[in-house]
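Asker: Just protein_39.pdb, nothing more (PDB, C-alpha atoms):
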MODEL        1
ATOM      1  CA  MET A  19      30.028  -2.527 -11.870
ATOM      2  CA  ILE A  20      28.739   0.099 -14.276
ATOM      3  CA  ASP A  21      28.728   3.834 -13.562
ATOM      4  CA  ILE A  22      26.658   5.996 -15.926
ATOM      5  CA  GLN A  23      27.085   9.759 -16.306
ATOM      6  CA  LEU A  24      24.683  11.819 -18.430
ATOM      7  CA  ASP A  25      25.679  15.243 -19.760
ATOM      8  CA  ASP A  26      22.264  16.561 -18.772
ATOM      9  CA  GLN A  27      19.150  15.272 -17.030
ATOM     10  CA  GLN A  28      16.366  17.083 -18.862
ATOM     11  CA  PHE A  29      15.598  16.905 -22.569
ATOM     12  CA  CYS A  30      12.948  17.862 -25.101
ATOM     13  CA  TRP A  31      11.908  16.084 -28.276
ATOM     14  CA  GLY A  32      14.732  16.212 -30.793
ATOM     15  CA  ASP A  33      17.443  16.908 -28.189
ATOM     16  CA  THR A  34      20.635  14.869 -28.054
ATOM     17  CA  LEU A  35      21.049  12.702 -24.997
ATOM     18  CA  SER A  36      24.748  12.054 -24.536
ATOM     19  CA  GLY A  37      26.928  10.722 -21.806
ATOM     20  CA  GLN A  38      29.366   7.995 -20.932
ATOM     21  CA  PHE A  39      29.612   4.935 -18.792
ATOM     22  CA  ILE A  40      32.521   3.196 -17.115
ATOM     23  CA  TRP A  41      32.443  -0.573 -16.727
ATOM     24  CA  GLN A  42      34.644  -2.281 -14.172
ATOM     25  CA  SER A  43      34.441  -6.053 -14.290
ATOM     26  CA  ASP A  44      34.519  -7.901 -10.966
ATOM     27  CA  ASN A  45      36.120 -10.873 -12.710
ATOM     28  CA  PRO A  46      38.708 -10.279 -15.450
ATOM     29  CA  ASP A  47      38.067 -13.788 -16.815
ATOM     30  CA  LYS A  48      34.418 -12.911 -17.555
ATOM     31  CA  ILE A  49      34.198 -12.070 -21.248
ATOM     32  CA  PRO A  50      30.937 -10.390 -22.296
ATOM     33  CA  LYS A  51      28.752 -12.211 -24.789
ATOM     34  CA  SER A  52      26.790  -9.091 -25.765
ATOM     35  CA  ALA A  53      26.242  -5.540 -24.580
ATOM     36  CA  ASP A  54      23.709  -2.810 -25.301
ATOM     37  CA  VAL A  55      22.893   0.743 -24.369
ATOM     38  CA  LEU A  56      19.126   1.250 -24.291
ATOM     39  CA  MET A  57      16.830   4.224 -23.994
ATOM     40  CA  ASN A  58      13.615   3.143 -22.265
ATOM     41  CA  TRP A  59      10.474   4.563 -20.778
ATOM     42  CA  PHE A  60       8.356   2.757 -18.216
ATOM     43  CA  THR A  61       5.352   3.338 -16.003
ATOM     44  CA  GLU A  62       5.180   2.772 -12.271
ATOM     45  CA  GLY A  63       2.213   3.083  -9.950
ATOM     46  CA  ARG A  64      -1.170   1.469  -9.491
ATOM     47  CA  GLY A  65      -2.313  -0.784 -12.310
ATOM     48  CA  THR A  66      -0.380  -2.846 -14.827
ATOM     49  CA  GLY A  67       3.021  -1.414 -15.657
ATOM     50  CA  ASP A  68       4.240  -0.746 -19.182
ATOM     51  CA  ARG A  69       7.757  -0.589 -20.509
ATOM     52  CA  GLN A  70       9.206   0.197 -23.935
ATOM     53  CA  THR A  71      12.675   0.366 -25.396
ATOM     54  CA  VAL A  72      12.682   3.339 -27.715
ATOM     55  CA  GLU A  73      16.168   2.802 -29.078
ATOM     56  CA  LYS A  74      18.873   0.211 -28.559
ATOM     57  CA  GLN A  75      22.524   0.542 -29.521
ATOM     58  CA  PRO A  76      24.468  -2.738 -29.516
ATOM     59  CA  LEU A  77      28.072  -2.576 -28.388
ATOM     60  CA  SER A  78      30.916  -4.722 -29.596
ATOM     61  CA  PRO A  79      32.049  -6.962 -26.693
ATOM     62  CA  GLN A  80      35.644  -6.624 -27.863
ATOM     63  CA  LYS A  81      35.426  -2.830 -27.913
ATOM     64  CA  LEU A  82      33.838  -2.937 -24.458
ATOM     65  CA  LEU A  83      36.750  -5.010 -23.165
ATOM     66  CA  ASP A  84      39.216  -2.542 -24.704
ATOM     67  CA  PHE A  85      37.405   0.317 -22.945
ATOM     68  CA  GLN A  86      37.223  -1.374 -19.561
ATOM     69  CA  THR A  87      37.639   1.176 -16.703
ATOM     70  CA  ARG A  88      37.701   3.966 -19.299
ATOM     71  CA  PRO A  89      34.709   6.197 -20.199
ATOM     72  CA  PHE A  90      32.639   4.692 -23.036
ATOM     73  CA  PRO A  91      30.644   7.450 -24.773
ATOM     74  CA  PHE A  92      27.130   7.103 -26.153
ATOM     75  CA  SER A  93      24.617   9.396 -27.818
ATOM     76  CA  PHE A  94      20.908   9.205 -28.652
ATOM     77  CA  THR A  95      18.417  11.588 -30.184
ATOM     78  CA  ILE A  96      15.158  11.917 -28.258
ATOM     79  CA  PRO A  97      12.561  11.015 -30.892
ATOM     80  CA  ARG A  98       9.542  13.178 -31.553
ATOM     81  CA  GLU A  99       6.114  12.128 -30.332
ATOM     82  CA  VAL A 100       7.291   9.964 -27.477
ATOM     83  CA  PRO A 101       5.532  10.187 -24.117
ATOM     84  CA  MET A 102       6.681  12.892 -21.726
ATOM     85  CA  THR A 103       7.917  12.328 -18.219
ATOM     86  CA  TYR A 104       4.846  12.450 -15.972
ATOM     87  CA  ASP A 105       4.476  12.367 -12.206
ATOM     88  CA  GLY A 106       0.864  11.727 -11.349
ATOM     89  CA  TYR A 107      -1.065  10.719  -8.261
ATOM     90  CA  LEU A 108      -1.831   7.183  -9.452
ATOM     91  CA  PHE A 109       1.110   6.494 -11.744
ATOM     92  CA  ARG A 110       4.181   8.033 -13.245
ATOM     93  CA  LEU A 111       5.995   7.687 -16.549
ATOM     94  CA  MET A 112       9.767   7.737 -16.328
ATOM     95  CA  TRP A 113      12.671   7.588 -18.746
ATOM     96  CA  GLU A 114      15.937   5.780 -18.201
ATOM     97  CA  LEU A 115      19.212   5.097 -19.919
ATOM     98  CA  GLU A 116      20.197   1.485 -19.434
ATOM     99  CA  VAL A 117      23.524  -0.252 -19.957
ATOM    100  CA  LYS A 118      23.282  -4.036 -20.062
ATOM    101  CA  ILE A 119      26.202  -6.448 -20.417
ATOM    102  CA  VAL A 120      25.364 -10.150 -20.799
ATOM    103  CA  PHE A 121      27.842 -12.927 -20.093
ATOM    104  CA  PRO A 122      27.822 -16.508 -21.365
ATOM    105  CA  GLY A 123      25.996 -19.054 -19.263
ATOM    106  CA  ILE A 124      22.710 -20.936 -18.955
ATOM    107  CA  PHE A 125      21.150 -18.226 -16.803
ATOM    108  CA  ARG A 126      22.648 -15.354 -18.829
ATOM    109  CA  PRO A 127      24.322 -13.542 -15.946
ATOM    110  CA  GLN A 128      24.510  -9.843 -16.541
ATOM    111  CA  ASP A 129      25.773  -6.531 -15.264
ATOM    112  CA  ARG A 130      23.159  -3.829 -15.523
ATOM    113  CA  ALA A 131      22.830  -0.182 -14.531
ATOM    114  CA  THR A 132      20.265   2.518 -15.199
ATOM    115  CA  CYS A 133      20.157   6.285 -14.951
ATOM    116  CA  VAL A 134      16.908   8.228 -14.888
ATOM    117  CA  PHE A 135      16.363  11.373 -16.965
ATOM    118  CA  GLN A 136      13.373  13.515 -17.924
ATOM    119  CA  VAL A 137      11.712  14.213 -21.275
ATOM    120  CA  LEU A 138       9.816  17.500 -20.917
ATOM    121  CA  PRO A 139       7.622  19.590 -23.206
ATOM    122  CA  TYR A 140       9.917  22.586 -22.874
ATOM    123  CA  LEU A 141      13.008  23.653 -21.014
ATOM    124  CA  GLN A 142      14.095  27.023 -19.662
ATOM    125  CA  ARG A 143      17.631  27.250 -20.844
ATOM    126  CA  ASP A 144      19.941  29.996 -19.569
TER     127      ASP A 144
ATOM    128  CA  MET B  13      14.173  16.982  -9.019
ATOM    129  CA  ILE B  14      14.413  13.932 -11.270
ATOM    130  CA  ASN B  15      12.734  11.627  -8.758
ATOM    131  CA  LEU B  16      10.229  13.600  -6.706
ATOM    132  CA  TYR B  17      10.081  10.907  -4.028
ATOM    133  CA  ASN B  18      13.704  11.670  -3.146
ATOM    134  CA  ALA B  19      12.329  14.930  -1.658
ATOM    135  CA  ILE B  20      10.757  12.863   1.142
ATOM    136  CA  GLY B  21      13.611  10.394   1.506
ATOM    137  CA  LEU B  22      12.106   7.634  -0.610
ATOM    138  CA  GLY B  23      13.360   5.760  -3.678
ATOM    139  CA  ARG B  24       9.833   5.495  -5.098
ATOM    140  CA  ASN B  25       6.207   5.614  -4.062
ATOM    141  CA  PRO B  26       5.861   2.911  -1.371
ATOM    142  CA  PHE B  27       2.489   1.766  -2.713
ATOM    143  CA  VAL B  28       3.373   0.902  -6.295
ATOM    144  CA  ALA B  29       1.654  -2.244  -7.550
ATOM    145  CA  LYS B  30       4.216  -4.976  -7.120
ATOM    146  CA  ASP B  31       3.817  -6.377 -10.622
ATOM    147  CA  ASN B  32       5.182  -3.030 -11.892
ATOM    148  CA  LEU B  33       8.551  -3.715 -10.329
ATOM    149  CA  THR B  34      11.387  -6.045 -11.136
ATOM    150  CA  ASN B  35      12.787  -7.815  -8.090
ATOM    151  CA  ALA B  36       9.843  -6.708  -5.961
ATOM    152  CA  GLU B  37       9.888  -8.032  -2.432
ATOM    153  CA  GLU B  38       6.561  -8.705  -0.856
ATOM    154  CA  THR B  39       5.844  -7.084   2.500
ATOM    155  CA  TRP B  40       3.633  -9.703   4.069
ATOM    156  CA  LEU B  41       1.377  -8.775   6.937
ATOM    157  CA  ASP B  42       0.119 -11.664   8.988
ATOM    158  CA  ARG B  43      -3.656 -11.501   9.442
ATOM    159  CA  GLY B  44      -3.777 -14.907  11.096
ATOM    160  CA  TYR B  45      -3.852 -17.044   7.952
ATOM    161  CA  SER B  46      -0.228 -17.072   6.854
ATOM    162  CA  THR B  47       0.434 -20.799   7.175
ATOM    163  CA  ALA B  48       0.045 -22.674   3.892
ATOM    164  CA  PRO B  49      -2.355 -25.632   3.777
ATOM    165  CA  LYS B  50      -0.954 -29.130   4.145
ATOM    166  CA  ILE B  51      -0.195 -30.803   0.832
ATOM    167  CA  LYS B  52      -2.077 -33.991  -0.157
ATOM    168  CA  ALA B  53      -4.601 -33.699   2.651
ATOM    169  CA  LYS B  54      -7.854 -34.455   0.773
ATOM    170  CA  GLN B  55      -9.173 -31.008   1.541
ATOM    171  CA  LEU B  56     -10.518 -27.781   0.200
ATOM    172  CA  VAL B  57      -9.239 -24.628   1.899
ATOM    173  CA  GLN B  58     -11.393 -21.813   0.629
ATOM    174  CA  ILE B  59     -10.825 -18.111   1.204
ATOM    175  CA  LEU B  60     -13.976 -16.048   1.051
ATOM    176  CA  GLY B  61     -13.975 -12.295   0.776
ATOM    177  CA  ASP B  62     -15.095  -9.375  -1.312
ATOM    178  CA  LYS B  63     -13.081  -7.970  -4.191
ATOM    179  CA  GLY B  64      -9.738  -6.600  -3.056
ATOM    180  CA  PHE B  65      -9.866  -8.130   0.427
ATOM    181  CA  GLY B  66      -6.685 -10.165  -0.053
ATOM    182  CA  LYS B  67      -7.768 -13.569  -1.377
ATOM    183  CA  SER B  68      -5.244 -13.704  -4.234
ATOM    184  CA  SER B  69      -2.501 -12.326  -1.977
ATOM    185  CA  HIS B  70      -3.017 -15.182   0.462
ATOM    186  CA  LEU B  71      -3.027 -17.776  -2.319
ATOM    187  CA  ASN B  72       0.254 -16.385  -3.692
ATOM    188  CA  HIS B  73       1.789 -16.260  -0.225
ATOM    189  CA  TRP B  74       0.874 -19.881   0.485
ATOM    190  CA  ARG B  75       2.078 -21.004  -2.944
ATOM    191  CA  SER B  76       5.531 -19.567  -2.391
ATOM    192  CA  PRO B  77       6.757 -22.398  -0.126
ATOM    193  CA  THR B  78       4.492 -25.198  -1.390
ATOM    194  CA  GLY B  79       4.659 -24.844  -5.148
ATOM    195  CA  GLY B  80       1.727 -26.198  -7.145
ATOM    196  CA  SER B  81      -0.068 -24.776 -10.142
ATOM    197  CA  TYR B  82      -1.955 -21.504  -9.949
ATOM    198  CA  CYS B  83      -5.200 -21.443 -11.962
ATOM    199  CA  TYR B  84      -6.901 -18.119 -12.435
ATOM    200  CA  TYR B  85     -10.463 -18.068 -13.742
ATOM    201  CA  PRO B  86     -11.287 -14.857 -15.594
ATOM    202  CA  PRO B  87     -14.832 -13.821 -16.420
ATOM    203  CA  GLY B  88     -16.135 -14.862 -19.838
ATOM    204  CA  LEU B  89     -14.905 -17.583 -22.156
ATOM    205  CA  GLY B  90     -11.507 -17.858 -20.487
ATOM    206  CA  ARG B  91     -13.061 -19.724 -17.569
ATOM    207  CA  TRP B  92     -13.948 -22.725 -19.726
ATOM    208  CA  LYS B  93     -10.983 -24.876 -18.779
ATOM    209  CA  PHE B  94     -10.731 -27.945 -16.576
ATOM    210  CA  PRO B  95      -9.160 -27.123 -13.207
ATOM    211  CA  LYS B  96      -5.786 -28.679 -12.522
ATOM    212  CA  VAL B  97      -5.684 -31.153  -9.660
ATOM    213  CA  GLU B  98      -2.290 -31.775  -8.051
ATOM    214  CA  PRO B  99      -1.004 -32.644  -4.557
ATOM    215  CA  ILE B 100      -1.622 -28.953  -3.896
ATOM    216  CA  VAL B 101      -3.180 -26.601  -6.392
ATOM    217  CA  TYR B 102      -4.399 -23.021  -6.250
ATOM    218  CA  TRP B 103      -7.681 -21.942  -7.870
ATOM    219  CA  ASP B 104      -8.316 -18.207  -7.967
ATOM    220  CA  GLU B 105     -11.875 -16.927  -8.586
ATOM    221  CA  ALA B 106     -12.987 -20.547  -8.197
ATOM    222  CA  ASP B 107     -16.657 -19.522  -8.132
ATOM    223  CA  ARG B 108     -16.313 -18.898 -11.886
ATOM    224  CA  ILE B 109     -15.417 -22.535 -12.631
ATOM    225  CA  PRO B 110     -18.238 -23.989 -14.739
ATOM    226  CA  PHE B 111     -20.239 -26.503 -12.731
ATOM    227  CA  ILE B 112     -19.607 -29.330 -15.217
ATOM    228  CA  PHE B 113     -15.892 -28.941 -14.555
ATOM    229  CA  LEU B 114     -16.089 -28.185 -10.837
ATOM    230  CA  ILE B 115     -17.713 -31.434  -9.693
ATOM    231  CA  PRO B 116     -15.400 -33.834 -11.611
ATOM    232  CA  ALA B 117     -12.392 -31.806 -10.420
ATOM    233  CA  LEU B 118     -13.507 -32.008  -6.780
ATOM    234  CA  LEU B 119     -14.149 -35.750  -7.161
ATOM    235  CA  TRP B 120     -10.711 -36.261  -8.677
ATOM    236  CA  ALA B 121      -9.144 -34.226  -5.874
ATOM    237  CA  SER B 122     -10.904 -36.440  -3.337
ATOM    238  CA  LEU B 123      -9.770 -39.655  -5.051
ATOM    239  CA  THR B 124      -6.169 -38.479  -5.275
ATOM    240  CA  HIS B 125      -6.160 -36.919  -1.771
ATOM    241  CA  ALA B 126      -5.233 -33.554  -3.250
ATOM    242  CA  THR B 127      -5.378 -30.198  -1.489
ATOM    243  CA  ILE B 128      -7.221 -27.399  -3.227
ATOM    244  CA  ALA B 129      -6.659 -23.845  -2.017
ATOM    245  CA  ALA B 130      -9.325 -21.662  -3.557
ATOM    246  CA  GLY B 131     -10.118 -17.984  -3.566
ATOM    247  CA  THR B 132     -13.827 -17.583  -4.124
ATOM    248  CA  HIS B 133     -16.749 -15.197  -3.756
ATOM    249  CA  ARG B 134     -19.144 -18.085  -3.241
ATOM    250  CA  ASP B 135     -19.082 -20.843  -0.620
ATOM    251  CA  LEU B 136     -18.090 -24.117  -2.309
ATOM    252  CA  SER B 137     -18.202 -26.218   0.864
ATOM    253  CA  PHE B 138     -21.449 -28.051   0.078
ATOM    254  CA  TRP B 139     -20.105 -29.476  -3.194
ATOM    255  CA  ALA B 140     -16.654 -30.140  -1.788
ATOM    256  CA  LYS B 141     -18.043 -32.107   1.160
ATOM    257  CA  LEU B 142     -20.370 -34.000  -1.157
ATOM    258  CA  CYS B 143     -17.301 -35.083  -3.122
ATOM    259  CA  GLY B 144     -15.588 -36.305   0.032
ATOM    260  CA  LEU B 145     -13.233 -33.426   0.814
ATOM    261  CA  THR B 146     -12.663 -31.886   4.229
ATOM    262  CA  VAL B 147     -13.379 -28.180   4.064
ATOM    263  CA  THR B 148     -11.740 -25.278   5.863
ATOM    264  CA  THR B 149     -13.277 -21.862   5.296
ATOM    265  CA  ILE B 150     -11.432 -18.620   5.896
ATOM    266  CA  THR B 151     -13.461 -15.448   5.636
ATOM    267  CA  LEU B 152     -11.249 -12.427   5.179
ATOM    268  CA  PRO B 153     -12.587  -9.353   6.938
ATOM    269  CA  PRO B 154     -12.295  -5.885   5.503
ATOM    270  CA  VAL B 155      -9.048  -4.171   6.374
ATOM    271  CA  ASP B 156      -9.029  -2.204   9.649
ATOM    272  CA  ALA B 157      -7.192   1.020  10.436
ATOM    273  CA  GLU B 158      -4.518  -0.483  12.677
ATOM    274  CA  THR B 159      -3.659  -3.199  10.150
ATOM    275  CA  LEU B 160      -3.485  -0.694   7.310
ATOM    276  CA  GLN B 161      -1.261   1.579   9.378
ATOM    277  CA  THR B 162       1.115  -1.270  10.291
ATOM    278  CA  TRP B 163       1.359  -2.384   6.678
ATOM    279  CA  ALA B 164       1.881   1.175   5.414
ATOM    280  CA  ILE B 165       4.744   1.693   7.886
ATOM    281  CA  ALA B 166       6.434  -1.495   6.639
ATOM    282  CA  GLU B 167       6.039  -0.476   2.993
ATOM    283  CA  ILE B 168       7.410   3.019   3.675
ATOM    284  CA  ASN B 169      10.403   1.626   5.576
ATOM    285  CA  ALA B 170      11.146  -0.763   2.702
ATOM    286  CA  VAL B 171      11.756   2.109   0.236
ATOM    287  CA  THR B 172      13.274   4.720   2.559
ATOM    288  CA  LEU B 173      16.687   5.745   1.269
ATOM    289  CA  PRO B 174      19.658   4.871   3.502
ATOM    290  CA  GLY B 175      20.421   7.566   6.039
ATOM    291  CA  GLN B 176      17.233   9.501   5.305
ATOM    292  CA  THR B 177      14.122  10.182   7.373
ATOM    293  CA  CYS B 178      10.766   9.997   5.660
ATOM    294  CA  PRO B 179       8.040  12.379   6.881
ATOM    295  CA  LEU B 180       5.273  10.056   5.654
ATOM    296  CA  HIS B 181       3.221   8.818   8.573
ATOM    297  CA  LEU B 182      -0.282   7.426   8.238
ATOM    298  CA  SER B 183      -2.353   8.305  11.282
ATOM    299  CA  ILE B 184      -5.266   6.187  12.454
ATOM    300  CA  PRO B 185      -7.862   8.855  11.479
ATOM    301  CA  GLU B 186      -6.273   9.038   7.994
ATOM    302  CA  ALA B 187      -6.326   5.241   7.752
ATOM    303  CA  GLU B 188     -10.003   5.217   8.761
ATOM    304  CA  THR B 189     -10.825   7.807   6.100
ATOM    305  CA  ILE B 190      -9.037   5.751   3.454
ATOM    306  CA  ILE B 191     -10.768   2.544   4.508
ATOM    307  CA  LYS B 192     -14.147   4.263   4.376
ATOM    308  CA  LYS B 193     -13.464   5.549   0.849
ATOM    309  CA  ALA B 194     -12.192   2.103  -0.170
ATOM    310  CA  HIS B 195     -15.190   0.272   1.316
ATOM    311  CA  GLY B 196     -12.837  -2.045   3.181
ATOM    312  CA  SER B 197     -10.937  -3.215   0.087
ATOM    313  CA  TRP B 198      -7.147  -3.603   0.430
ATOM    314  CA  ARG B 199      -6.662  -2.964  -3.260
ATOM    315  CA  SER B 200      -8.646   0.273  -3.279
ATOM    316  CA  ALA B 201      -7.046   1.377   0.003
ATOM    317  CA  THR B 202      -3.622   0.934  -1.596
ATOM    318  CA  ASP B 203      -4.712   3.118  -4.530
ATOM    319  CA  TYR B 204      -5.639   5.856  -2.041
ATOM    320  CA  LEU B 205      -2.356   5.385  -0.184
ATOM    321  CA  HIS B 206      -0.475   5.827  -3.468
ATOM    322  CA  ILE B 207      -2.345   9.090  -4.077
ATOM    323  CA  TRP B 208      -1.677  10.207  -0.485
ATOM    324  CA  ALA B 209       2.083   9.573  -0.766
ATOM    325  CA  ALA B 210       2.277  11.211  -4.214
ATOM    326  CA  ALA B 211       0.474  14.318  -2.936
ATOM    327  CA  ILE B 212       2.864  14.697   0.000
ATOM    328  CA  ALA B 213       5.909  14.198  -2.258
ATOM    329  CA  LYS B 214       4.624  16.792  -4.743
ATOM    330  CA  GLN B 215       3.855  19.303  -1.989
ATOM    331  CA  THR B 216       7.282  18.816  -0.404
ATOM    332  CA  GLU B 217       8.999  19.296  -3.751
ATOM    333  CA  GLN B 218       7.002  22.487  -4.338
ATOM    334  CA  ASN B 219       7.893  23.797  -0.859
ATOM    335  CA  ASN B 220      11.567  23.123  -1.548
ATOM    336  CA  LEU B 221      11.594  25.117  -4.821
TER     337      LEU B 221
ENDMDL
END
Mind turning the file's structure into structure tokens?

Answerer:
Amino acid sequence: MIDIQLDDQQFCWGDTLSGQFIWQSDNPDKIPKSADVLMNWFTEGRGTGDRQTVEKQPLSPQKLLDFQTRPFPFSFTIPREVPMTYDGYLFRLMWELEVKIVFPGIFRPQDRATCVFQVLPYLQRD
Amino acid sequence: MINLYNAIGLGRNPFVAKDNLTNAEETWLDRGYSTAPKIKAKQLVQILGDKGFGKSSHLNHWRSPTGGSYCYYPPGLGRWKFPKVEPIVYWDEADRIPFIFLIPALLWASLTHATIAAGTHRDLSFWAKLCGLTVTTITLPPVDAETLQTWAIAEINAVTLPGQTCPLHLSIPEAETIIKKAHGSWRSATDYLHIWAAAIAKQTEQNNL
């Protein structure tokens, strides 16, 4: 089980997206083969969907095991000139932070969790 | 709100195209033609209907328990390929199959006692019977208001968040308006339903601000 916490939920181009996740394995004998934290955008609605990974940060499986049940921090910079979050009548474009842990096996079993955030043209900050 | 559909108790818009989603579960509505054709029955089962009336949906639904190859025939050069013939096989947009391929394929299906399930805009029964196949023709009608309402309710229930009540309810007059705008097409009606749900979610979020 993976629990993701973001320090904020709304960002502009150039902002730092930071947070942490906690991974609790349901089987202590399951050793991860690989793990990544990914920053993605995707579309959802009528018509063919699109999905892109903007940045991917590989994690060391050994480090992940050492951090098990403890907060594992991550940080990304929102690039410039990426699409903005959009909620339309026929489709929407959404951003998500994804943590994916892959285990050995023919069918590549995995633990996966996502957390949605927004990329906006501007923010009213207090 | 990060996900505006949460404002109306939903995880997402209920009418998202299913190929957008991972792990999408199909909400199947029985219109009287849900049973898959018998395999290896020396037959053509053809589904006739206008664009967006549900031909491909029925082929995919039947294929789920039976297996068999799915052959889609696009417009243009992509249609120049010999149709697969198997104990059961699914041809989509079969009216686009070039004639020089269609007749040998139907003959081969007859010789091997295959079943062909075809979605088509044109009646292929004359050629299929000439090649020795039994033909069953299903003509899909345009969607009606009650059917659309029933399906919409099922789709809304499927994405309602646990413990929440969703205010979305498609009335019969609304369903009739959508069907009229969509000219009876399921696909177009679902586009309008997506717009309808998005508008209500946006309005609710605005009212809550």

Asker: To one decimal place, how far is CA of Leu77 (chain A) from CA of Gln42 (chain A) in Å?

Answerer: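 These two atoms are separated by 15.7 Å.
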
Asker: Enumerate, in order of chain and increasing residue number, the residues of chain A with an atom no farther than 7 Å from chain B, each with its shortest atom pair and distance in Å to one decimal, counting all atoms listed in the file, as a Markdown table.

Answerer:
| residue | atom | partner | partner_atom | distance |
| --- | --- | --- | --- | --- |
| A:Glu62 | CA | B:Asn32 | CA | 5.8 |
| A:Gly63 | CA | B:Val28 | CA | 4.4 |
| A:Arg64 | CA | B:Ala29 | CA | 5.1 |
| A:Gly65 | CA | B:Ala29 | CA | 6.4 |
| A:Thr66 | CA | B:Asn32 | CA | 6.3 |
| A:Gly67 | CA | B:Asn32 | CA | 4.6 |
| A:Tyr107 | CA | B:Ile207 | CA | 4.7 |
| A:Leu108 | CA | B:Ile207 | CA | 5.7 |
| A:Phe135 | CA | B:Ile14 | CA | 6.5 |
| A:Gln136 | CA | B:Ile14 | CA | 6.7 |

Asker: Counting all atoms listed in the file, which residue out of A:Asp25, A:Pro139, A:Ser78, A:Thr87 sits closest to Lys51 (chain A)?

Answerer: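 Using all atoms listed in the file, Lys51 (chain A) sits closest to A:Ser78.
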
Asker: So that I can check the surroundings of region 97-104 of chain B, please list as a PDB file with C-alpha atoms, in the frame of the given file every protein, DNA and RNA residue that reaches within 9 Å of it, counting all atoms listed in the file and ignoring chain neighbours fewer than 3 positions away.

Answerer:
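Output below, filename around.pdb:
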ATOM      1  CA  PRO B  49      -2.355 -25.632   3.777  1.00  0.00           C
ATOM      2  CA  LYS B  50      -0.954 -29.130   4.145  1.00  0.00           C
ATOM      3  CA  ILE B  51      -0.195 -30.803   0.832  1.00  0.00           C
ATOM      4  CA  LYS B  52      -2.077 -33.991  -0.157  1.00  0.00           C
ATOM      5  CA  ALA B  53      -4.601 -33.699   2.651  1.00  0.00           C
ATOM      6  CA  LYS B  54      -7.854 -34.455   0.773  1.00  0.00           C
ATOM      7  CA  LYS B  67      -7.768 -13.569  -1.377  1.00  0.00           C
ATOM      8  CA  SER B  68      -5.244 -13.704  -4.234  1.00  0.00           C
ATOM      9  CA  LEU B  71      -3.027 -17.776  -2.319  1.00  0.00           C
ATOM     10  CA  ASN B  72       0.254 -16.385  -3.692  1.00  0.00           C
ATOM     11  CA  ARG B  75       2.078 -21.004  -2.944  1.00  0.00           C
ATOM     12  CA  THR B  78       4.492 -25.198  -1.390  1.00  0.00           C
ATOM     13  CA  GLY B  79       4.659 -24.844  -5.148  1.00  0.00           C
ATOM     14  CA  GLY B  80       1.727 -26.198  -7.145  1.00  0.00           C
ATOM     15  CA  SER B  81      -0.068 -24.776 -10.142  1.00  0.00           C
ATOM     16  CA  TYR B  82      -1.955 -21.504  -9.949  1.00  0.00           C
ATOM     17  CA  CYS B  83      -5.200 -21.443 -11.962  1.00  0.00           C
ATOM     18  CA  TYR B  84      -6.901 -18.119 -12.435  1.00  0.00           C
ATOM     19  CA  TYR B  85     -10.463 -18.068 -13.742  1.00  0.00           C
ATOM     20  CA  PRO B  86     -11.287 -14.857 -15.594  1.00  0.00           C
ATOM     21  CA  ASP B 107     -16.657 -19.522  -8.132  1.00  0.00           C
ATOM     22  CA  ARG B 108     -16.313 -18.898 -11.886  1.00  0.00           C
ATOM     23  CA  ALA B 117     -12.392 -31.806 -10.420  1.00  0.00           C
ATOM     24  CA  LEU B 118     -13.507 -32.008  -6.780  1.00  0.00           C
ATOM     25  CA  TRP B 120     -10.711 -36.261  -8.677  1.00  0.00           C
ATOM     26  CA  ALA B 121      -9.144 -34.226  -5.874  1.00  0.00           C
ATOM     27  CA  THR B 124      -6.169 -38.479  -5.275  1.00  0.00           C
ATOM     28  CA  HIS B 125      -6.160 -36.919  -1.771  1.00  0.00           C
ATOM     29  CA  ALA B 126      -5.233 -33.554  -3.250  1.00  0.00           C
ATOM     30  CA  THR B 127      -5.378 -30.198  -1.489  1.00  0.00           C
ATOM     31  CA  ILE B 128      -7.221 -27.399  -3.227  1.00  0.00           C
ATOM     32  CA  ALA B 129      -6.659 -23.845  -2.017  1.00  0.00           C
ATOM     33  CA  ALA B 130      -9.325 -21.662  -3.557  1.00  0.00           C
ATOM     34  CA  GLY B 131     -10.118 -17.984  -3.566  1.00  0.00           C
ATOM     35  CA  THR B 132     -13.827 -17.583  -4.124  1.00  0.00           C
TER      36      THR B 132
END

Asker: Can you list, as a PyMOL selection string, every protein, DNA or RNA residue that comes within 7 Å of Thr34 (chain A) when you count all atoms listed in the file, leaving out same-chain residues fewer than 2 positions away?

Answerer: chain A and resi 32+36+93-96

Asker: In the coordinate frame of the file, compute which residues have an atom within 8 Å of (-11.8, -33.4, 7.2) when using only C-alpha atoms, and state them as a ChimeraX atom specification.

Answerer: /B:54-55,145-147

Asker: Could you tell me, as number ranges by chain, exactly which residues end up selected when the PyMOL selection byres ((chain B and resi 115) around 12) is applied to this structure?

Answerer: B: 94-95, 106, 109-114, 116-122, 136-145

Asker: On this structure, which residues satisfy the PyMOL selection byres ((chain A and resi 129-131) around 9), written as a list in words?

Answerer: Met19, Ile20, Asp21, Ile22, Ser43, Leu115, Glu116, Val117, Lys118, Ile119, Val120, Phe121, Pro127, Gln128, Thr132 and Cys133 of chain A

Asker: Provide the CA of Asp62 (chain B) to CA of Ser183 (chain B) distance in Å, to one decimal place.

Answerer: 25.2 Å

Asker: Counting all atoms listed in the file, figure out which residue out of B:Glu158, B:Ser76, B:Thr148, B:Lys63 gets nearest to Ile191 (chain B).

Answerer: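 Closest to Ile191 (chain B), using all atoms listed in the file: B:Glu158.
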
Asker: Please expand the PyMOL selection byres ((chain B and resi 197) around 7) into the concrete residues it hits in this file, giving the result as an NGL selection string.

Answerer: :B and (63-65 or 154-155 or 194-196 or 198-201)

Asker: Please report the interatomic distance between CA of Ile49 (chain A) and CA of Leu82 (chain A) in Å with one decimal.

Answerer: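 About the pair CA of Ile49 (chain A) and CA of Leu82 (chain A): they are 9.7 Å apart.
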